[in-house]
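> structure.txt is reproduced below (compact mmCIF, C-alpha atoms and all ligand atoms).
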# COMPACT_ATOMS: atom_id res chain seq x y z
CA MET A 1 -12.20 2.69 20.70
CA SER A 2 -12.91 2.61 17.00
CA VAL A 3 -10.54 5.20 15.58
CA ASP A 4 -7.76 3.89 13.36
CA ALA A 5 -4.83 6.18 14.13
CA ARG A 6 -2.88 5.02 11.07
CA ILE A 7 -5.26 6.80 8.73
CA TYR A 8 -4.03 10.15 10.01
CA ARG A 9 -0.49 9.46 8.94
CA ILE A 10 -1.62 8.10 5.58
CA LYS A 11 -3.41 11.38 4.84
CA LYS A 12 -0.31 13.28 5.86
CA THR A 13 2.25 11.32 3.84
CA LEU A 14 0.09 11.14 0.72
CA GLY A 15 -1.05 14.74 1.16
CA GLY A 16 2.06 16.20 -0.46
CA ILE A 17 1.68 14.27 -3.71
CA LYS A 18 0.36 16.21 -6.69
CA ASN A 19 -1.20 13.32 -8.63
CA ILE A 20 -2.11 9.89 -7.33
CA ILE A 21 -3.07 7.62 -10.20
CA GLY A 22 -4.38 4.10 -9.63
CA VAL A 23 -4.06 1.75 -12.60
CA VAL A 24 -7.04 -0.59 -12.52
CA SER A 25 -8.78 -3.22 -14.61
CA GLY A 26 -11.62 -5.67 -14.35
CA LYS A 27 -9.50 -8.68 -15.18
CA GLY A 28 -5.95 -9.77 -14.48
CA GLY A 29 -3.36 -10.12 -17.19
CA VAL A 30 -4.41 -7.09 -19.24
CA GLY A 31 -1.27 -5.05 -18.53
CA LYS A 32 -1.84 -2.95 -15.39
CA THR A 33 1.57 -3.75 -13.96
CA THR A 34 3.30 -3.24 -17.28
CA ILE A 35 1.60 0.09 -17.87
CA SER A 36 2.19 1.26 -14.26
CA ALA A 37 5.89 0.45 -14.34
CA VAL A 38 6.61 1.72 -17.86
CA MET A 39 4.57 4.87 -17.31
CA SER A 40 6.58 5.57 -14.15
CA LEU A 41 9.81 5.18 -16.10
CA ILE A 42 8.55 7.50 -18.84
CA LEU A 43 7.45 10.19 -16.38
CA SER A 44 10.73 10.01 -14.49
CA VAL A 45 12.80 10.28 -17.66
CA LYS A 46 10.80 13.38 -18.49
CA GLY A 47 12.08 14.85 -15.24
CA TYR A 48 9.06 14.52 -12.99
CA SER A 49 9.50 13.11 -9.51
CA VAL A 50 7.65 9.84 -9.48
CA GLY A 51 6.69 7.09 -7.07
CA LEU A 52 5.62 3.62 -8.13
CA LEU A 53 3.62 1.72 -5.54
CA ASP A 54 2.93 -1.98 -6.10
CA LEU A 55 -0.27 -2.86 -4.27
CA ASP A 56 -0.73 -6.28 -5.81
CA PHE A 57 0.10 -8.00 -2.52
CA HIS A 58 -0.85 -11.42 -3.87
CA GLY A 59 1.45 -11.15 -6.84
CA PRO A 60 3.89 -8.24 -6.67
CA SER A 61 5.85 -7.95 -9.91
CA CYS A 62 6.80 -4.32 -10.57
CA HIS A 63 10.28 -5.03 -9.19
CA THR A 64 10.79 -7.66 -11.90
CA ILE A 65 9.97 -5.21 -14.68
CA LEU A 66 12.35 -2.68 -13.14
CA GLY A 67 15.03 -5.31 -12.65
CA ILE A 68 15.47 -4.77 -8.93
CA LYS A 69 16.51 -7.79 -6.93
CA ASP A 70 17.99 -6.74 -3.64
CA LEU A 71 15.97 -3.85 -2.45
CA GLU A 72 15.96 -2.92 1.18
CA TYR A 73 14.15 -0.03 2.76
CA GLU A 74 15.90 2.61 4.73
CA GLU A 75 14.21 3.42 8.01
CA GLU A 76 13.77 7.05 8.86
CA LYS A 77 10.87 7.56 11.26
CA GLY A 78 8.96 5.19 9.01
CA ILE A 79 10.32 3.57 5.89
CA ASN A 80 11.56 5.39 2.82
CA PRO A 81 10.47 4.12 -0.57
CA TYR A 82 13.41 2.64 -2.43
CA ARG A 83 15.17 5.18 -4.59
CA ILE A 84 15.79 3.76 -8.06
CA THR A 85 17.08 6.93 -9.70
CA LYS A 86 17.33 10.47 -8.42
CA ASN A 87 13.63 11.10 -9.14
CA LEU A 88 12.05 7.63 -9.18
CA TYR A 89 10.94 5.95 -5.96
CA PHE A 90 9.49 2.51 -5.48
CA ALA A 91 7.58 0.65 -2.80
CA SER A 92 6.31 -2.91 -2.74
CA ILE A 93 5.83 -5.61 -0.15
CA TYR A 94 8.30 -7.71 -2.14
CA PRO A 95 11.29 -7.06 0.17
CA PHE A 96 9.26 -8.39 3.10
CA VAL A 97 7.94 -11.54 1.45
CA LYS A 98 10.43 -12.27 -1.37
CA ASP A 99 9.06 -15.21 -3.35
CA GLU A 100 6.77 -16.64 -0.65
CA TYR A 101 3.04 -16.83 -1.27
CA VAL A 102 0.93 -14.23 0.50
CA PRO A 103 -2.37 -15.76 1.65
CA LEU A 104 -4.17 -12.63 2.81
CA ARG A 105 -7.88 -12.00 2.62
CA GLY A 106 -10.56 -9.59 3.76
CA LYS A 107 -9.76 -7.72 6.92
CA ALA A 108 -6.16 -8.95 7.03
CA LEU A 109 -5.48 -7.75 3.49
CA SER A 110 -7.02 -4.39 4.29
CA ASN A 111 -5.04 -4.15 7.51
CA ALA A 112 -1.80 -4.95 5.72
CA LEU A 113 -2.51 -2.21 3.18
CA ILE A 114 -3.31 0.39 5.83
CA GLU A 115 -0.22 -0.52 7.85
CA PHE A 116 2.02 -0.32 4.78
CA LEU A 117 0.61 3.03 3.63
CA SER A 118 0.90 4.45 7.14
CA ILE A 119 4.61 3.75 7.56
CA LEU A 120 5.81 4.78 4.08
CA ASN A 121 7.40 8.21 3.77
CA TRP A 122 6.58 9.63 0.36
CA ARG A 123 8.22 12.86 -0.58
CA LYS A 124 6.35 15.70 -2.24
CA ILE A 125 6.45 14.00 -5.63
CA ASP A 126 4.63 14.93 -8.84
CA TYR A 127 3.13 11.51 -9.54
CA LEU A 128 2.39 8.41 -7.53
CA ILE A 129 1.48 5.58 -9.87
CA VAL A 130 -0.32 2.80 -8.05
CA ASP A 131 -0.28 -0.67 -9.57
CA MET A 132 -3.53 -2.22 -8.38
CA PRO A 133 -4.62 -5.83 -8.14
CA PRO A 134 -7.35 -6.80 -10.62
CA GLY A 135 -11.01 -6.21 -9.93
CA MET A 136 -13.01 -4.74 -7.12
CA GLY A 137 -11.49 -6.29 -4.02
CA ASP A 138 -10.43 -4.96 -0.64
CA ILE A 139 -7.47 -2.99 -1.95
CA LEU A 140 -9.52 -0.93 -4.40
CA LEU A 141 -12.27 -0.34 -1.85
CA ASP A 142 -9.70 0.88 0.67
CA ILE A 143 -7.97 3.16 -1.83
CA VAL A 144 -11.33 4.69 -2.69
CA ARG A 145 -12.09 5.12 1.02
CA LEU A 146 -8.70 6.38 2.16
CA ILE A 147 -7.45 8.41 -0.81
CA PRO A 148 -10.46 10.31 -2.14
CA ASN A 149 -8.26 12.49 -4.34
CA SER A 150 -6.89 9.55 -6.31
CA LYS A 151 -7.51 9.35 -10.03
CA PHE A 152 -7.75 6.20 -12.07
CA ILE A 153 -6.67 4.83 -15.41
CA ALA A 154 -8.58 1.77 -16.56
CA VAL A 155 -6.73 -0.78 -18.66
CA THR A 156 -8.42 -3.28 -20.94
CA THR A 157 -7.65 -5.43 -23.93
CA ASN A 158 -10.03 -5.37 -26.86
CA SER A 159 -11.54 -8.70 -25.76
CA VAL A 160 -15.23 -8.63 -25.04
CA LEU A 161 -14.62 -10.28 -21.65
CA SER A 162 -12.15 -7.63 -20.55
CA ILE A 163 -14.40 -4.88 -21.89
CA GLN A 164 -17.39 -6.16 -19.92
CA THR A 165 -15.58 -6.35 -16.60
CA VAL A 166 -13.75 -3.05 -16.96
CA GLY A 167 -17.09 -1.45 -17.80
CA ARG A 168 -18.42 -2.49 -14.40
CA LEU A 169 -15.32 -1.18 -12.69
CA ILE A 170 -15.55 2.18 -14.43
CA LYS A 171 -19.18 2.56 -13.35
CA PHE A 172 -18.08 1.83 -9.80
CA ILE A 173 -15.40 4.52 -9.97
CA ILE A 174 -17.85 7.04 -11.37
CA ASP A 175 -20.47 6.16 -8.74
CA SER A 176 -17.80 6.55 -6.04
CA ARG A 177 -17.38 10.12 -7.35
CA LEU A 178 -13.73 9.60 -8.17
CA GLU A 179 -11.94 10.87 -11.22
CA LEU A 180 -11.36 8.48 -14.09
CA GLN A 181 -8.65 9.85 -16.36
CA GLY A 182 -9.69 7.43 -19.03
CA ILE A 183 -9.25 4.06 -20.69
CA ILE A 184 -6.07 2.62 -22.19
CA ALA A 185 -6.50 -0.24 -24.63
CA ASN A 186 -3.55 -2.61 -24.33
CA MET A 187 -2.12 -5.51 -26.34
CA ILE A 188 -3.86 -4.29 -29.43
CA ARG A 189 -3.10 -6.34 -32.54
CA ASN A 190 -5.47 -4.86 -35.11
CA TYR A 191 -8.52 -3.20 -33.68
CA ASP A 192 -9.26 -1.24 -30.55
CA THR A 193 -12.88 -0.67 -31.56
CA ARG A 194 -14.53 -2.25 -28.51
CA ALA A 195 -12.44 -0.23 -26.09
CA ARG A 196 -13.21 2.98 -27.98
CA ARG A 197 -16.90 2.16 -28.07
CA LEU A 198 -16.92 1.50 -24.31
CA ALA A 199 -15.35 4.90 -23.65
CA GLU A 200 -18.01 6.52 -25.79
CA GLU A 201 -20.86 4.63 -24.13
CA LEU A 202 -19.69 5.59 -20.66
CA SER A 203 -18.70 9.14 -21.69
CA VAL A 204 -15.14 8.75 -20.47
CA ASN A 205 -11.86 9.61 -22.19
CA PHE A 206 -10.20 7.14 -24.49
CA LEU A 207 -6.53 7.77 -23.74
CA GLY A 208 -5.06 5.66 -26.50
CA SER A 209 -3.92 2.22 -27.57
CA VAL A 210 -0.76 0.29 -26.82
CA PRO A 211 0.12 -2.38 -29.40
CA PHE A 212 0.90 -5.97 -28.57
CA ASP A 213 4.68 -5.89 -28.67
CA ALA A 214 6.33 -9.28 -29.06
CA ASP A 215 9.77 -7.78 -28.41
CA TYR A 216 8.78 -6.36 -25.04
CA GLU A 217 9.16 -9.60 -23.07
CA ASN A 218 12.91 -9.73 -23.67
CA THR A 219 13.39 -6.26 -22.25
CA ILE A 220 11.75 -7.02 -18.88
CA GLY A 221 14.21 -6.26 -16.11
CA ASN A 222 16.09 -3.68 -18.15
CA PRO A 223 14.52 -0.20 -17.95
CA GLN A 224 16.81 1.24 -20.59
CA SER A 225 15.74 -1.36 -23.17
CA ILE A 226 12.10 -1.13 -22.13
CA LEU A 227 12.11 2.56 -23.01
CA GLY A 228 13.16 1.64 -26.55
CA THR A 229 10.20 -0.64 -27.25
CA LYS A 230 7.12 0.07 -29.36
CA LEU A 231 5.10 -0.46 -26.21
CA ALA A 232 6.95 2.38 -24.48
CA SER A 233 6.66 4.77 -27.46
CA ALA A 234 2.91 4.26 -27.56
CA LEU A 235 2.66 4.87 -23.84
CA LYS A 236 4.89 7.92 -24.11
CA GLU A 237 2.46 9.48 -26.53
CA ILE A 238 -0.43 8.78 -24.17
CA VAL A 239 1.50 10.25 -21.25
CA GLU A 240 2.38 13.39 -23.20
CA ARG A 241 -1.13 13.89 -24.48
CA HIS A 242 -3.16 13.06 -21.38
CA ILE A 243 -1.13 12.71 -18.21
CA THR A 244 1.39 15.56 -18.11
CA MET B 1 17.25 -3.03 8.14
CA VAL B 2 17.72 -1.99 11.73
CA ASN B 3 14.80 -2.82 13.91
CA ALA B 4 14.52 0.65 15.32
CA MET B 5 13.24 3.76 13.72
CA HIS B 6 9.86 2.91 12.26
CA GLU B 7 8.36 3.14 15.76
CA TRP B 8 8.34 6.89 15.08
CA ALA B 9 5.77 6.43 12.34
CA LEU B 10 3.55 4.44 14.68
CA ALA B 11 3.91 7.10 17.35
CA GLU B 12 3.14 9.87 14.88
CA SER B 13 -0.14 8.20 13.88
CA ILE B 14 -1.15 7.87 17.51
CA ILE B 15 -0.38 11.48 18.46
CA MET B 16 -2.13 12.85 15.36
CA ALA B 17 -5.23 10.81 16.20
CA VAL B 18 -5.17 11.86 19.86
CA ILE B 19 -4.88 15.55 18.99
CA ASP B 20 -7.71 15.32 16.49
CA LEU B 21 -9.96 13.49 18.94
CA ALA B 22 -9.22 16.03 21.66
CA LYS B 23 -10.00 18.92 19.32
CA ARG B 24 -13.24 17.39 18.20
CA GLU B 25 -14.27 16.96 21.84
CA ASN B 26 -13.29 20.56 22.61
CA ALA B 27 -10.88 19.26 25.25
CA LYS B 28 -8.71 21.58 27.31
CA GLU B 29 -6.17 18.90 27.87
CA VAL B 30 -5.48 15.24 27.26
CA VAL B 31 -4.64 13.56 30.56
CA GLU B 32 -4.16 9.96 29.55
CA ILE B 33 -3.51 7.93 26.44
CA GLU B 34 -4.06 4.20 26.70
CA LEU B 35 -2.32 2.03 24.13
CA LEU B 36 -2.59 -1.64 23.44
CA ILE B 37 0.75 -3.17 22.54
CA GLY B 38 0.33 -6.45 20.72
CA GLY B 39 3.35 -8.73 20.89
CA LEU B 40 3.20 -9.78 17.22
CA GLN B 41 4.59 -6.44 16.05
CA THR B 42 7.64 -6.68 18.38
CA ILE B 43 7.95 -2.95 18.74
CA ASP B 44 10.79 -1.40 20.68
CA LEU B 45 8.78 0.04 23.54
CA GLU B 46 11.58 2.31 24.71
CA ILE B 47 11.93 4.02 21.34
CA PHE B 48 8.17 4.09 20.88
CA GLU B 49 7.64 5.77 24.24
CA PHE B 50 10.45 8.22 23.58
CA ALA B 51 8.89 9.10 20.21
CA LEU B 52 5.44 9.56 21.77
CA ASN B 53 6.87 11.88 24.40
CA GLU B 54 8.77 13.91 21.84
CA LEU B 55 5.77 14.20 19.52
CA LYS B 56 3.30 15.23 22.20
CA LYS B 57 5.45 18.15 23.34
CA GLU B 58 3.81 21.51 22.70
CA THR B 59 0.48 19.85 21.90
CA ILE B 60 -2.78 19.54 23.78
CA ALA B 61 -1.48 16.16 24.96
CA LYS B 62 1.81 17.41 26.37
CA ASN B 63 1.00 16.39 29.93
CA ALA B 64 -0.77 13.17 29.03
CA LYS B 65 0.24 10.05 30.87
CA ILE B 66 0.83 7.15 28.52
CA ARG B 67 -0.33 3.75 29.62
CA PHE B 68 0.67 0.57 27.81
CA VAL B 69 -1.33 -2.61 27.99
CA LYS B 70 0.64 -5.51 26.62
CA GLN B 71 -1.02 -8.41 24.90
CA LYS B 72 0.37 -11.70 23.67
CA PRO B 73 -0.44 -12.64 20.09
CA LYS B 74 -3.37 -15.02 19.86
CA PHE B 75 -4.52 -16.76 16.69
CA LYS B 76 -7.53 -18.77 15.56
CA CYS B 77 -7.46 -21.11 12.59
CA ASN B 78 -10.24 -20.56 10.05
CA VAL B 79 -9.95 -24.13 8.79
CA CYS B 80 -9.91 -26.30 11.93
CA GLY B 81 -10.87 -23.80 14.62
CA TYR B 82 -7.76 -24.30 16.74
CA GLU B 83 -6.74 -21.34 18.92
CA TRP B 84 -3.22 -20.68 20.05
CA ILE B 85 -1.01 -18.11 21.74
CA VAL B 86 2.62 -17.52 20.87
CA ASP B 87 4.72 -16.69 23.92
CA ASP B 88 8.02 -16.37 22.14
CA LEU B 89 8.08 -15.48 18.44
CA ASN B 90 11.76 -16.46 18.27
CA LYS B 91 10.77 -20.08 18.73
CA VAL B 92 8.60 -20.20 15.61
CA LEU B 93 10.08 -17.54 13.32
CA SER B 94 13.45 -16.48 11.98
CA GLU B 95 14.85 -13.05 12.71
CA GLU B 96 14.13 -11.92 9.17
CA GLU B 97 10.52 -13.12 9.36
CA ILE B 98 10.02 -11.31 12.67
CA GLU B 99 11.42 -8.21 11.02
CA SER B 100 8.91 -8.37 8.14
CA ILE B 101 6.05 -8.94 10.60
CA HIS B 102 7.35 -6.01 12.63
CA PHE B 103 6.54 -3.74 9.67
CA ILE B 104 3.30 -5.45 8.62
CA PRO B 105 1.87 -7.83 11.26
CA GLU B 106 -0.44 -9.50 8.70
CA LEU B 107 2.65 -10.94 7.06
CA SER B 108 2.47 -13.50 9.85
CA HIS B 109 0.14 -15.28 7.41
CA VAL B 110 3.11 -15.70 5.13
CA PHE B 111 5.46 -17.11 7.73
CA MET B 112 3.23 -18.92 10.24
CA LYS B 113 0.89 -21.88 10.05
CA CYS B 114 -1.77 -23.36 12.29
CA PRO B 115 0.10 -25.76 14.61
CA LYS B 116 -2.76 -28.25 14.32
CA CYS B 117 -3.63 -28.43 10.60
CA GLY B 118 -0.86 -26.46 8.90
CA SER B 119 -3.10 -23.81 7.34
CA ASN B 120 -2.06 -20.19 6.81
CA ASP B 121 -5.70 -19.24 6.93
CA PHE B 122 -6.06 -18.00 10.49
CA ASP B 123 -7.22 -14.83 12.21
CA ILE B 124 -5.07 -12.73 14.49
CA VAL B 125 -7.54 -12.60 17.37
CA GLU B 126 -5.54 -10.25 19.58
CA GLY B 127 -2.05 -9.00 20.22
CA ARG B 128 -1.50 -7.75 16.68
CA GLY B 129 0.26 -4.46 17.27
CA VAL B 130 -0.18 -0.88 18.39
CA LEU B 131 -3.76 0.18 18.97
CA LEU B 132 -5.19 3.37 20.42
CA LYS B 133 -7.43 2.04 23.14
CA GLY B 134 -8.55 5.12 25.00
CA VAL B 135 -8.00 8.84 25.45
CA ARG B 136 -8.92 10.62 28.66
CA ILE B 137 -9.51 14.36 28.39
CA VAL B 138 -10.63 17.28 30.55
CA LYS B 139 -12.88 19.92 29.08
N1 LIG A 301 1.52 -4.34 -24.87
C1 LIG A 301 2.03 -5.53 -24.54
N2 LIG A 301 2.70 -6.28 -25.45
C2 LIG A 301 3.19 -7.48 -25.12
N3 LIG A 301 3.07 -8.03 -23.92
C3 LIG A 301 2.41 -7.35 -22.97
C4 LIG A 301 1.87 -6.06 -23.22
N4 LIG A 301 1.28 -5.62 -22.09
C5 LIG A 301 1.46 -6.59 -21.17
N5 LIG A 301 2.13 -7.64 -21.67
C6 LIG A 301 2.44 -8.90 -21.01
O1 LIG A 301 1.21 -9.48 -20.59
C7 LIG A 301 1.31 -10.12 -19.34
C8 LIG A 301 0.33 -9.53 -18.34
O2 LIG A 301 0.70 -8.18 -18.08
P1 LIG A 301 0.65 -7.53 -16.62
O3 LIG A 301 1.17 -6.17 -16.75
O4 LIG A 301 1.28 -8.44 -15.64
O5 LIG A 301 -0.94 -7.53 -16.42
P2 LIG A 301 -1.79 -7.25 -15.07
O6 LIG A 301 -0.93 -6.44 -14.16
O7 LIG A 301 -3.00 -6.53 -15.56
O8 LIG A 301 -2.13 -8.60 -14.51
C9 LIG A 301 2.76 -9.96 -18.91
O9 LIG A 301 3.45 -11.11 -19.28
C10 LIG A 301 3.23 -8.75 -19.72
O10 LIG A 301 4.62 -8.81 -19.94
MG MG A 302 -0.45 -6.80 -12.15
ZN ZN A 303 -5.94 -25.30 11.71
Write out the structure in this file as structure tokens.
Ligand SMILES: Nc1ncnc2c1ncn2[C@@H]1O[C@H](COP(=O)(O)OP(=O)(O)O)[C@@H](O)[C@H]1O
Ligand SMILES: [Mg+2]
Ligand SMILES: [Zn+2]


Amino acid sequence: MSVDARIYRIKKTLGGIKNIIGVVSGKGGVGKTTISAVMSLILSVKGYSVGLLDLDFHGPSCHTILGIKDLEYEEEKGINPYRITKNLYFASIYPFVKDEYVPLRGKALSNALIEFLSILNWRKIDYLIVDMPPGMGDILLDIVRLIPNSKFIAVTTNSVLSIQTVGRLIKFIIDSRLELQGIIANMIRNYDTRARRLAEELSVNFLGSVPFDADYENTIGNPQSILGTKLASALKEIVERHIT
Amino acid sequence: MVNAMHEWALAESIIMAVIDLAKRENAKEVVEIELLIGGLQTIDLEIFEFALNELKKETIAKNAKIRFVKQKPKFKCNVCGYEWIVDDLNKVLSEEEIESIHFIPELSHVFMKCPKCGSNDFDIVEGRGVLLKGVRIVK
């Protein structure tokens, strides 16, 4: 029998969420995780109910940005995402694997994703921000297949290499008939011209630029301090203008 | 984490799928649900069965008989080709590792290695977890 029963529950538990936003990029290291985590904090401080879902199974790190060490899930006919504040929820495979390496590929990676999504109990939240692994691998293909109402934010630096690869990814999202909210240029030192030009060429929104912020690193693990950085103020503007 | 309640989520998936299949086939009734129970997921069969019975009440599957077919976990190494079966997970894994695998069976790749060559790169050939194997209906 070729029906995957888990997909039914995934549709049900994700069905009550108003906005599902996947944060994607062509390359690693451009700031997807940073932007996902900080954007979730910003939205939650604004009073929205928010979930942050770390789907980078090979290198989960949202918990480090949020400064959570000992998270355990509560079981309630499934597992409840970890409640960080009264309106911010978090899920990651980190509690299951801690600091071990996670050598998953192909079908196994896909199966792990489907299993995880099918046992999580999301509430009827306003935003689910999904921190994606880089590129066009199994996780992205499954999200596209299983959550057709998801929207995407593409992150890139102003480097020509990042621009090239994110361009491919954006074309894929458009061809998959999914909604791209737009491009965020990250770690900008002087110019964001290439990122802006890419948005124009592909006729997609340019959401804004986030500066390279040398002070940010020292705030990692401390949400309160993170919210005081230049990085966070730039993102806050983007969130206010384009996301809420 | 108590190794108990998440069986409800697994049961809910199964019943939703069964009801949808039955509807699509214009069934009058579901008479049997056959489930494969792979040993790797170490599910609590008593709770799982209880949950299935609760969830199928007042549905098209309310009278369905539930049949479990148990399967031991079997693996095949992608590097050296070795195949092996694990009879008792407790002999090769800690309680905490079994618990993680209980939620996501693929995490066995994190905690297990090929007994022959030590690689984590193996396939779970069978016995992974809960699988809807067959649904018998009457029209
Ligand atoms: N705007 C920024 N200013 C300074 N450092 C940043 C900025 N954005 C991201 N970083 C840092 O760059 C590195 C990669 O970011 P990360 O969010 O992990 O990227 P990705 O998830 O795309 O791989 C991290 O060390 C992060 O702290
Ligand atoms: Mg990342
Ligand atoms: Zn081997």

> May I have the residues within 6 Å of ligand MG 302 (chain A), computed using all atoms listed in the file, as a count of residues only?

3

> Residues of chain B within 6 Å of chain A: nearest atom pair and distance (Å, one decimal) for each, counting only C-alpha atoms, sorted by chain and number, as CSV?


residue,atom,partner,partner_atom,distance
B:Met5,CA,A:Lys77,CA,5.1
B:His6,CA,A:Gly78,CA,4.1
B:Trp8,CA,A:Lys77,CA,4.6
B:Ala9,CA,A:Gly78,CA,4.8
B:Ser13,CA,A:Arg6,CA,5.1
B:Ile14,CA,A:Ala5,CA,5.3
B:Ala17,CA,A:Ala5,CA,5.1
B:Ser100,CA,A:Phe96,CA,5.1
B:Ile104,CA,A:Ala112,CA,5.9
B:Glu106,CA,A:Ala112,CA,5.6
B:Val110,CA,A:Val102,CA,5.3
B:Lys133,CA,A:Met1,CA,5.4

> Figure out the distance between atom CA of B:Ile85 and atom CA of B:Gln71, please, to one decimal in Å.

10.2 Å

> Have a look at A:Leu55, A:Leu146, A:Val50, A:Val210 and name the one nearest to ligand LIG 301 (chain A); count all atoms listed in the file.

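Closest to ligand LIG 301 (chain A) of all the choices is A:Val210.
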
> What is the atom CA of B:Gly127 to atom CA of B:Lys57 distance in Å?

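These atoms are spaced 28.3 Å apart.
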
> Name the residues, by chain letter and number, that sit within 6 Å of ligand LIG 301 (chain A) using all atoms listed in the file, and give them as JSON, numbers by chain.

{"A": [28, 29, 30, 31, 32, 33, 34, 186, 187, 210, 211, 212, 213, 214, 216, 217, 231]}

> Please identify the residues whose atoms come within 8 Å of ligand ZN 303 (chain A), using all atoms listed in the file, and report them as a list of chain:residue names.

B:Lys76, B:Cys77, B:Asn78, B:Val79, B:Cys80, B:Gly81, B:Tyr82, B:Lys113, B:Cys114, B:Pro115, B:Lys116, B:Cys117, B:Gly118, B:Ser119, B:Asp121, B:Phe122

> For stretch 81-96 of chain A, take all atoms listed in the file, fit an axis-aligned box around them, add 6 Å to each of the six sides, then output centre and edge lengths in Å rounded to one decimal, as JSON.


{"center_x": 11.6, "center_y": 1.4, "center_z": -3.3, "size_x": 23.5, "size_y": 31.5, "size_z": 24.8}

> Please, what distance in Å, to one decimal, runs between atom CA of A:Ile143 and atom CA of B:Glu7?

24.0 Å

> Within 10 Å of A:Ser209, counting all atoms listed in the file, which residues qualify if same-chain residues fewer than 2 places away don't, as a VMD selection string?

chain A and resid 155 to 158 183 to 189 191 to 192 195 to 196 206 to 207 211 to 212 231 234 to 235 237 to 238

> Taking 4 positions as the minimum chain separation for residues in the same chain, which residues sit within 12 Å of B:Val30 when counting only C-alpha atoms? Answer as a PyMOL selection string.

chain B and resi 15+17-23+25-26+34+56-57+59-66+134-139

> Using only C-alpha atoms, pick whichever of A:Ile20, A:Ile153, A:Leu141, A:Ile243 has the shortest atom-to-atom distance to A:Ile42.

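Of all the options, A:Ile243 lies closest to A:Ile42.
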
> I'd like the neighbourhood of A:Ile65 as a list in words, where a residue qualifies if any of its atoms comes within 10 Å (using all atoms listed in the file), though same-chain residues fewer than 6 positions away should be ignored.

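The contact residues come out as Thr33, Thr34, Ala37, Val38, Glu217, Thr219, Ile220, Gly221, Asn222, Pro223 and Ile226 of chain A.
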